[in-house]
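Take a look at the structure below.
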Amino acid sequence: MSPAARSQPSPVGPVIDFLRALRTGLDGGDGLPASLGGAVLALPRDARESLDAVARRLGGRYPEDDWGFDEEFAEAALPLLEFMYDRWWRVQSDGVERVPAHGRALLVANHAGILPWDGTMMGVALMREHPLPRTPRFLVLNWAFELPYVSVAMRKLGGVPASPFNAMRLLEQDELVAVFPEGVKGAGKSFRDRYRVQRFGRGGFVEIALRTGAPIVPVAVVGSEEIHPKIGESRLLARLTGAPYFPVTPTFPLLGPLGIVPLPSRWRIEFGEPLDLSSFGPEAAADRAAVLEISDMVHAIIQRKVYENLVKRGRTFV
Amino acid sequence: MPGRRILITGSGSYLGSALARALELDESVERVFGLDTRAPVGELRSTELIEADIRDPGLAGVIGPTGVDTIVHNQIVRRPGPGMSARRAHDINVIGSLQLLAACEQVSTLRTIVIRGSAGIYGAEPAAPQFFTEEMTQLYPLRTRFQRDVAEIENLFGTFARRHPAVTCTMLRYQHSIGPSVRTELTQYLALPVVPTYFGFDPRIQVIHEADALDALRAAVHRPVRGSVNVAATGTIGLTRMIRLAGRPTLPIPAPLFANATAVGRRAGLLDFSPDFQRLLRYGRGVDTARMREGVGFTPRFSTAGAVEDYVAGREAGQAVAA
């Protein structure tokens, strides 16, 4: 992310100040127009700049890249994501500096929970703790792009539908790409199996890494397993919503939309040593045995790291 | 070396007429023929107009004597206009292509066929590759009538190209055109006073500027390549951003109600969205343009965002004149 873009005011924070000033005016007995005027004048300079930023966005003058990543949107969402990172889940990250600072690389992580919070938190860790902050693109389960608003948020934050074509193209453009090879099996694992990393599909991520010469960085995430503890699932609701499975948790769908609020478990994220596969050469992607062997190796590394971090984390919630 | 003889089908469309006008000025071109039942848009000077229906079985008798070396097939109906049934659009698209190819068999001088096809063949899918390359037509089922039409046309020309190795067949897969003059489903959509969108969806849209759409056809006439080529501007734009640039308010409609709501609008004569366009508004589509740049050697002047801005600027200028 460029420094110029960083200095631009985000349109979120000052809105609260504005509303507070407006309420004070109204409580004081002024009419609505007078209160509005007073509230605008009372805004500090950066807040007025934020209003400009809002007007600019409403005029359609904001950048999006070819993939639909919206840097301003990602910046505006950062305070919320940082709150989740610092306060809600109290994430501790290890080895962020092992992620290559430039060039292509494939982050391979375990996955839990139906919404890709784990991918988002990996992004926050990289933004805040990496010596050269960079935004990863993450491959998102396909059906998220069928959901209203989820699809937009995913795209604007750097999410891309999980298709090997997309992963290849991103890596060829020297991006940092995060994948969750467990896929639906990871998102849908039952609470009892929560720390057991599921099978890694058919090893497609290894083929992609071999073809593009990207190093694989194994990542273990602990804590995302408890945010939506799945106690059952509903076939009927899954069929009605078109979701690959429909989780039933202690709070969802019992509390309705409130049930989507994730539980505040404590998290650890560990980035492992990058595995350089370039010595195999791109031809190795056609070698089934080699691909599956590398896939199993990465699986074993991540599983070991998950158990290690589970011990380091200690208690789940407090 | 004698100049080229070029026949344009669908010469009564905006782009067909514009291409005829451009080829009239081209020194390497000796004669230009325009085949259509409609009159051309604007004036044409030396183009020889042939008034014939492309579905006519007697087409061979009309095209044969022209002795053309190049045919630009520009008569593919993207969306049945007012007063045109879906059936008739299908006939023009498929039977028309079939008759044209039957006529092509009779033209021994033929060396090049350029078809203005559609990127609609890829469809619009939620989890699609964000940039379709030319091989990716088989990833998803063909969901709409238009998609099936385009696939059939591609098949017909593909078979013809295999049987006649001396003829180079270029299938250009166009994204939606946009610009101050052209009228497409997309420009009509953006001109609505209130623009309906899918609630909670903001797909990536890719377009091609009308001037680039014309130049791509000219480039393919001069440097045809075998097989399919995507034609689109650089980059994509979020639908919301596009509508905001066009300065229109949006009306978000929840997905399950969208088809019904727009059907009401159609009965009132306000709007007419094809099933393809509805899917595009929900899921969007982007294509890869490496073959267009490197194979055909054509680079568009406008990016997607630039094309939208030029359309908006042109529209505002037009309104100022009208007022």
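Residues are referred to by chain and number: the chain letter is A, B, ... according to the order shown in the structure tokens, the number counts from 1 in that chain, and ligands are numbered separately from 1 in the order shown.
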
What are the nearest atom pairs, with distances in Å to one decimal, for all residues of chain B that come at most 12 Å from chain A, using only C-alpha atoms, set out by chain and rising residue number as a tab-separated table?
```
residue	atom	partner	partner_atom	distance
B:Ala124	CA	A:Glu146	CA	11.8
B:Glu125	CA	A:Phe145	CA	9.1
B:Pro126	CA	A:Phe145	CA	5.3
B:Ala127	CA	A:Asn142	CA	5.0
B:Ala128	CA	A:Pro161	CA	6.8
B:Pro129	CA	A:Asn166	CA	5.6
B:Gln130	CA	A:Asn166	CA	6.4
B:Phe131	CA	A:Asn166	CA	7.7
B:Phe132	CA	A:Phe165	CA	8.8
B:Thr133	CA	A:Phe165	CA	9.5
B:Glu135	CA	A:Phe165	CA	11.8
B:Met136	CA	A:Phe165	CA	10.0
B:Leu139	CA	A:Ser163	CA	11.1
B:Thr197	CA	A:Pro148	CA	11.6
B:Tyr198	CA	A:Pro148	CA	8.3
B:Phe199	CA	A:Pro148	CA	6.5
B:Gly200	CA	A:Pro148	CA	4.1
B:Phe201	CA	A:Pro148	CA	5.5
B:Asp202	CA	A:Val152	CA	5.8
B:Pro203	CA	A:Val152	CA	7.7
B:Arg204	CA	A:Gly68	CA	6.6
B:Ile205	CA	A:Gly68	CA	9.8
B:Gln206	CA	A:Asp66	CA	9.6
B:Ala233	CA	A:Asp66	CA	11.2
B:Thr234	CA	A:Asp66	CA	8.3
B:Gly235	CA	A:Asp66	CA	4.9
B:Thr236	CA	A:Asp66	CA	5.3
B:Ile237	CA	A:Glu64	CA	7.0
B:Gly238	CA	A:Gly68	CA	6.8
B:Leu239	CA	A:Gly60	CA	10.0
B:Thr240	CA	A:Gly60	CA	7.7
B:Arg241	CA	A:Gly60	CA	4.6
B:Met242	CA	A:Gly60	CA	6.8
B:Ile243	CA	A:Gly60	CA	7.6
B:Arg244	CA	A:Gly60	CA	4.7
B:Leu245	CA	A:Gly60	CA	4.8
B:Ala246	CA	A:Gly60	CA	8.4
B:Gly247	CA	A:Gly59	CA	7.0
B:Arg248	CA	A:Gly59	CA	9.7
B:Pro249	CA	A:Leu58	CA	10.1
B:Thr250	CA	A:Leu58	CA	11.5
B:Pro252	CA	A:Pro148	CA	11.0
B:Ile253	CA	A:Pro148	CA	10.9
B:Pro254	CA	A:Pro148	CA	8.6
B:Ala255	CA	A:Pro148	CA	8.5
B:Pro256	CA	A:Pro148	CA	11.4
B:Arg279	CA	A:Glu146	CA	11.6
B:Arg282	CA	A:Glu146	CA	8.8
B:Tyr283	CA	A:Phe145	CA	8.1
B:Gly284	CA	A:Phe145	CA	11.0
B:Arg285	CA	A:Trp67	CA	10.9
B:Gly286	CA	A:Asp66	CA	8.8
B:Val287	CA	A:Asp66	CA	10.6
B:Asp288	CA	A:Arg169	CA	10.3
B:Ser303	CA	A:Asp66	CA	10.8
B:Thr304	CA	A:Asp66	CA	9.9
B:Ala305	CA	A:Pro63	CA	9.8
B:Gly306	CA	A:Arg61	CA	11.7
B:Val308	CA	A:Gly60	CA	11.0
B:Glu309	CA	A:Gly60	CA	10.3
```

query = Which residue, A:Ala285, A:Gly183, A:Tyr245, A:His299, has the smallest gap to Arg196 (chain A) when you use only C-alpha atoms?
reply = A:His299

Report as a CSV table (one decimal) with N, CA and C atoms, in the first residue's frame all protein, DNA and RNA residues lying within 12 Å of Arg116 (chain B), evaluated on only C-alpha atoms, omitting residues in the same chain fewer than 5 positions from it.
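Listed below is the output, part.csv:
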```
chain,number,residue,atom,x,y,z
B,8,ILE,N,-19.3,-6.6,-45.7
B,8,ILE,CA,-19.7,-6.5,-44.3
B,8,ILE,C,-21.2,-6.9,-44.2
B,9,THR,N,-21.4,-7.9,-43.4
B,9,THR,CA,-22.9,-8.2,-43.1
B,9,THR,C,-23.3,-7.3,-41.9
B,10,GLY,N,-24.6,-7.0,-41.9
B,10,GLY,CA,-25.1,-6.2,-40.8
B,10,GLY,C,-24.5,-4.7,-41.0
B,15,LEU,N,-22.0,0.0,-35.8
B,15,LEU,CA,-20.6,-0.4,-36.0
B,15,LEU,C,-20.4,-0.9,-37.5
B,16,GLY,N,-21.4,-1.6,-38.1
B,16,GLY,CA,-21.2,-2.0,-39.5
B,16,GLY,C,-21.0,-0.8,-40.4
B,19,LEU,N,-17.6,0.8,-39.8
B,19,LEU,CA,-16.5,0.0,-40.4
B,19,LEU,C,-16.5,0.3,-41.9
B,71,ILE,N,-14.7,-11.4,-45.5
B,71,ILE,CA,-16.1,-11.2,-45.1
B,71,ILE,C,-16.0,-10.8,-43.6
B,72,VAL,N,-16.6,-9.7,-43.2
B,72,VAL,CA,-16.8,-9.3,-41.8
B,72,VAL,C,-18.2,-9.6,-41.4
B,73,HIS,N,-18.4,-10.6,-40.6
B,73,HIS,CA,-19.7,-11.0,-40.2
B,73,HIS,C,-20.1,-10.2,-38.9
B,74,ASN,N,-21.0,-9.2,-39.2
B,74,ASN,CA,-21.3,-8.3,-38.1
B,74,ASN,C,-22.8,-8.4,-37.8
B,75,GLN,N,-23.5,-9.4,-38.3
B,75,GLN,CA,-24.9,-9.5,-38.0
B,75,GLN,C,-25.2,-10.6,-37.0
B,76,ILE,N,-24.9,-10.3,-35.8
B,76,ILE,CA,-25.3,-11.1,-34.7
B,76,ILE,C,-26.1,-10.3,-33.7
B,77,VAL,N,-27.3,-10.7,-33.5
B,77,VAL,CA,-28.2,-10.0,-32.6
B,77,VAL,C,-27.9,-10.2,-31.2
B,78,ARG,N,-27.4,-9.2,-30.5
B,78,ARG,CA,-27.1,-9.4,-29.1
B,78,ARG,C,-28.3,-9.4,-28.2
B,93,ASN,N,-29.2,-15.1,-36.0
B,93,ASN,CA,-27.9,-15.5,-35.5
B,93,ASN,C,-27.5,-16.9,-36.1
B,97,SER,N,-25.9,-17.3,-40.0
B,97,SER,CA,-24.5,-17.7,-40.1
B,97,SER,C,-24.4,-18.9,-41.0
B,150,VAL,N,-24.6,-18.2,-29.5
B,150,VAL,CA,-23.2,-17.9,-29.8
B,150,VAL,C,-22.3,-19.1,-29.9
B,153,ILE,N,-22.9,-20.6,-33.3
B,153,ILE,CA,-22.2,-19.8,-34.3
B,153,ILE,C,-20.7,-20.2,-34.3
B,154,GLU,N,-20.1,-20.2,-33.1
B,154,GLU,CA,-18.7,-20.5,-33.0
B,154,GLU,C,-18.4,-21.9,-33.6
B,157,PHE,N,-18.5,-21.8,-37.5
B,157,PHE,CA,-17.4,-21.2,-38.1
B,157,PHE,C,-16.1,-22.0,-37.8
B,169,CYS,N,-10.2,-17.8,-40.1
B,169,CYS,CA,-11.4,-17.4,-39.4
B,169,CYS,C,-11.0,-16.8,-38.1
B,170,THR,N,-11.4,-15.6,-37.9
B,170,THR,CA,-11.1,-14.9,-36.6
B,170,THR,C,-12.4,-14.7,-35.9
B,171,MET,N,-12.6,-15.3,-34.7
B,171,MET,CA,-13.8,-15.1,-33.9
B,171,MET,C,-13.5,-14.1,-32.8
B,172,LEU,N,-14.0,-12.9,-33.0
B,172,LEU,CA,-13.8,-11.8,-32.0
B,172,LEU,C,-14.9,-11.9,-30.9
B,173,ARG,N,-14.5,-12.1,-29.7
B,173,ARG,CA,-15.4,-12.2,-28.6
B,173,ARG,C,-15.5,-10.8,-27.9
B,174,TYR,N,-16.5,-10.0,-28.2
B,174,TYR,CA,-16.6,-8.7,-27.7
B,174,TYR,C,-17.3,-8.6,-26.4
B,175,GLN,N,-16.7,-7.8,-25.5
B,175,GLN,CA,-17.5,-7.4,-24.3
B,175,GLN,C,-18.4,-6.3,-24.7
B,176,HIS,N,-19.3,-5.8,-23.8
B,176,HIS,CA,-20.3,-4.8,-24.2
B,176,HIS,C,-19.6,-3.5,-24.6
B,177,SER,N,-20.1,-2.9,-25.7
B,177,SER,CA,-19.6,-1.6,-26.2
B,177,SER,C,-20.2,-0.5,-25.4
B,213,ALA,N,-13.9,-0.6,-30.4
B,213,ALA,CA,-14.6,-1.7,-31.0
B,213,ALA,C,-14.4,-1.7,-32.5
B,214,LEU,N,-14.5,-0.5,-33.1
B,214,LEU,CA,-14.3,-0.4,-34.5
B,214,LEU,C,-12.8,-0.7,-34.9
B,216,ALA,N,-10.7,-2.5,-33.5
B,216,ALA,CA,-10.4,-3.9,-33.3
B,216,ALA,C,-10.8,-4.7,-34.5
B,217,LEU,N,-12.0,-4.3,-35.1
B,217,LEU,CA,-12.5,-5.0,-36.3
B,217,LEU,C,-11.5,-4.7,-37.5
B,218,ARG,N,-11.1,-3.5,-37.6
B,218,ARG,CA,-10.1,-3.1,-38.6
B,218,ARG,C,-8.8,-3.8,-38.4
B,220,ALA,N,-8.3,-6.7,-37.0
B,220,ALA,CA,-8.5,-8.1,-37.3
B,220,ALA,C,-8.6,-8.3,-38.9
B,221,VAL,N,-9.2,-7.4,-39.6
B,221,VAL,CA,-9.2,-7.4,-41.0
B,221,VAL,C,-7.8,-7.4,-41.6
B,228,SER,N,-10.2,-17.9,-31.7
B,228,SER,CA,-11.0,-16.9,-30.9
B,228,SER,C,-10.1,-15.8,-30.3
B,229,VAL,N,-10.6,-14.6,-30.2
B,229,VAL,CA,-9.8,-13.5,-29.6
B,229,VAL,C,-10.8,-12.7,-28.8
B,230,ASN,N,-10.5,-12.5,-27.5
B,230,ASN,CA,-11.3,-11.6,-26.7
B,230,ASN,C,-11.0,-10.2,-27.0
B,231,VAL,N,-12.1,-9.4,-27.1
B,231,VAL,CA,-11.9,-8.0,-27.4
B,231,VAL,C,-12.5,-7.2,-26.2
```

request  = For Cys104 (chain B), list every protein, DNA or RNA residue within 9 Å, evaluated using only C-alpha atoms, and leave out those in the same chain fewer than 3 positions away; present the list as a list of chain:residue names.
outcome  = B:Ala60, B:Ile63, B:Gly64, B:Ile71, B:Gln99, B:Leu100, B:Leu101, B:Val107, B:Ser108, B:Leu110

Residues as selected, N, CA and C atoms, written as a short mmCIF file (atom, residue, chain, number, x, y, z; two decimals), in the first residue's frame, can you do that?
```
data_model
loop_
_atom_site.label_atom_id
_atom_site.label_comp_id
_atom_site.auth_asym_id
_atom_site.auth_seq_id
_atom_site.Cartn_x
_atom_site.Cartn_y
_atom_site.Cartn_z
N ALA B 60 -26.04 -17.20 -51.61
CA ALA B 60 -24.84 -17.56 -52.38
C ALA B 60 -24.83 -16.85 -53.73
N ILE B 63 -23.68 -13.20 -53.02
CA ILE B 63 -22.31 -12.97 -52.55
C ILE B 63 -21.30 -13.48 -53.57
N GLY B 64 -21.64 -14.59 -54.25
CA GLY B 64 -20.71 -15.19 -55.22
C GLY B 64 -20.12 -14.20 -56.20
N ILE B 71 -14.72 -11.43 -45.54
CA ILE B 71 -16.09 -11.18 -45.07
C ILE B 71 -16.02 -10.83 -43.59
N GLN B 99 -26.42 -19.79 -43.54
CA GLN B 99 -26.56 -19.38 -44.94
C GLN B 99 -25.30 -18.67 -45.42
N LEU B 100 -24.73 -17.85 -44.56
CA LEU B 100 -23.53 -17.12 -44.93
C LEU B 100 -22.40 -18.10 -45.24
N LEU B 101 -22.27 -19.13 -44.39
CA LEU B 101 -21.20 -20.10 -44.61
C LEU B 101 -21.44 -20.91 -45.88
N VAL B 107 -17.47 -19.00 -52.77
CA VAL B 107 -16.57 -17.88 -53.09
C VAL B 107 -15.13 -18.39 -53.04
N SER B 108 -14.58 -18.67 -54.22
CA SER B 108 -13.25 -19.30 -54.24
C SER B 108 -12.15 -18.31 -53.84
N LEU B 110 -12.18 -16.32 -51.35
CA LEU B 110 -12.24 -15.98 -49.92
C LEU B 110 -10.99 -16.41 -49.17
#
```

query = What residues in region 28-211 of chain A get the DSSP label strand (DSSP E)? Please answer as a ChimeraX atom specification.
reply = /A:92-94,105-109,137-140,159-161,176-179

Restricted to N, CA and C atoms, what would the selected residues look like written as a tab-separated table (two decimals), in the first residue's frame?
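Final output, saved to selection-v9.tsv:
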```
chain	number	residue	atom	x	y	z
A	92	GLN	N	-2.10	-13.23	18.70
A	92	GLN	CA	-0.64	-13.17	18.79
A	92	GLN	C	-0.08	-13.82	17.53
A	93	SER	N	0.78	-13.09	16.83
A	93	SER	CA	1.35	-13.68	15.62
A	93	SER	C	2.84	-13.91	15.77
A	94	ASP	N	3.28	-15.01	15.21
A	94	ASP	CA	4.70	-15.37	15.22
A	94	ASP	C	5.19	-15.50	13.78
A	105	ALA	N	4.34	-15.38	-3.54
A	105	ALA	CA	4.40	-16.40	-2.49
A	105	ALA	C	2.99	-16.90	-2.22
A	106	LEU	N	2.93	-18.16	-1.78
A	106	LEU	CA	1.64	-18.79	-1.54
A	106	LEU	C	1.53	-19.10	-0.06
A	107	LEU	N	0.62	-18.43	0.64
A	107	LEU	CA	0.37	-18.73	2.04
A	107	LEU	C	-0.64	-19.86	2.09
A	108	VAL	N	-0.29	-20.95	2.79
A	108	VAL	CA	-1.20	-22.09	2.88
A	108	VAL	C	-1.58	-22.26	4.34
A	109	ALA	N	-2.87	-22.16	4.64
A	109	ALA	CA	-3.30	-22.17	6.04
A	109	ALA	C	-4.42	-23.17	6.27
A	137	ARG	N	-3.83	-11.37	-1.20
A	137	ARG	CA	-5.10	-11.71	-1.84
A	137	ARG	C	-5.46	-13.07	-1.29
A	138	PHE	N	-6.72	-13.31	-0.99
A	138	PHE	CA	-7.05	-14.65	-0.50
A	138	PHE	C	-8.14	-15.28	-1.34
A	139	LEU	N	-8.00	-16.58	-1.54
A	139	LEU	CA	-8.99	-17.32	-2.31
A	139	LEU	C	-10.15	-17.66	-1.39
A	140	VAL	N	-11.35	-17.31	-1.82
A	140	VAL	CA	-12.53	-17.47	-0.98
A	140	VAL	C	-13.42	-18.56	-1.57
A	159	GLY	N	-10.35	-10.46	-1.71
A	159	GLY	CA	-10.76	-11.85	-1.91
A	159	GLY	C	-11.03	-12.12	-3.38
A	160	VAL	N	-10.79	-13.36	-3.77
A	160	VAL	CA	-10.93	-13.76	-5.17
A	160	VAL	C	-11.56	-15.15	-5.15
A	161	PRO	N	-12.51	-15.45	-6.07
A	161	PRO	CA	-13.09	-16.79	-6.07
A	161	PRO	C	-12.02	-17.88	-6.19
A	176	LEU	N	0.99	-11.78	-3.24
A	176	LEU	CA	0.99	-12.71	-2.12
A	176	LEU	C	-0.42	-13.29	-2.03
A	177	VAL	N	-0.53	-14.63	-2.14
A	177	VAL	CA	-1.85	-15.25	-2.23
A	177	VAL	C	-2.04	-16.21	-1.07
A	178	ALA	N	-3.17	-16.11	-0.39
A	178	ALA	CA	-3.48	-17.02	0.70
A	178	ALA	C	-4.51	-18.04	0.25
A	179	VAL	N	-4.24	-19.32	0.50
A	179	VAL	CA	-5.21	-20.36	0.15
A	179	VAL	C	-5.49	-21.24	1.37
```
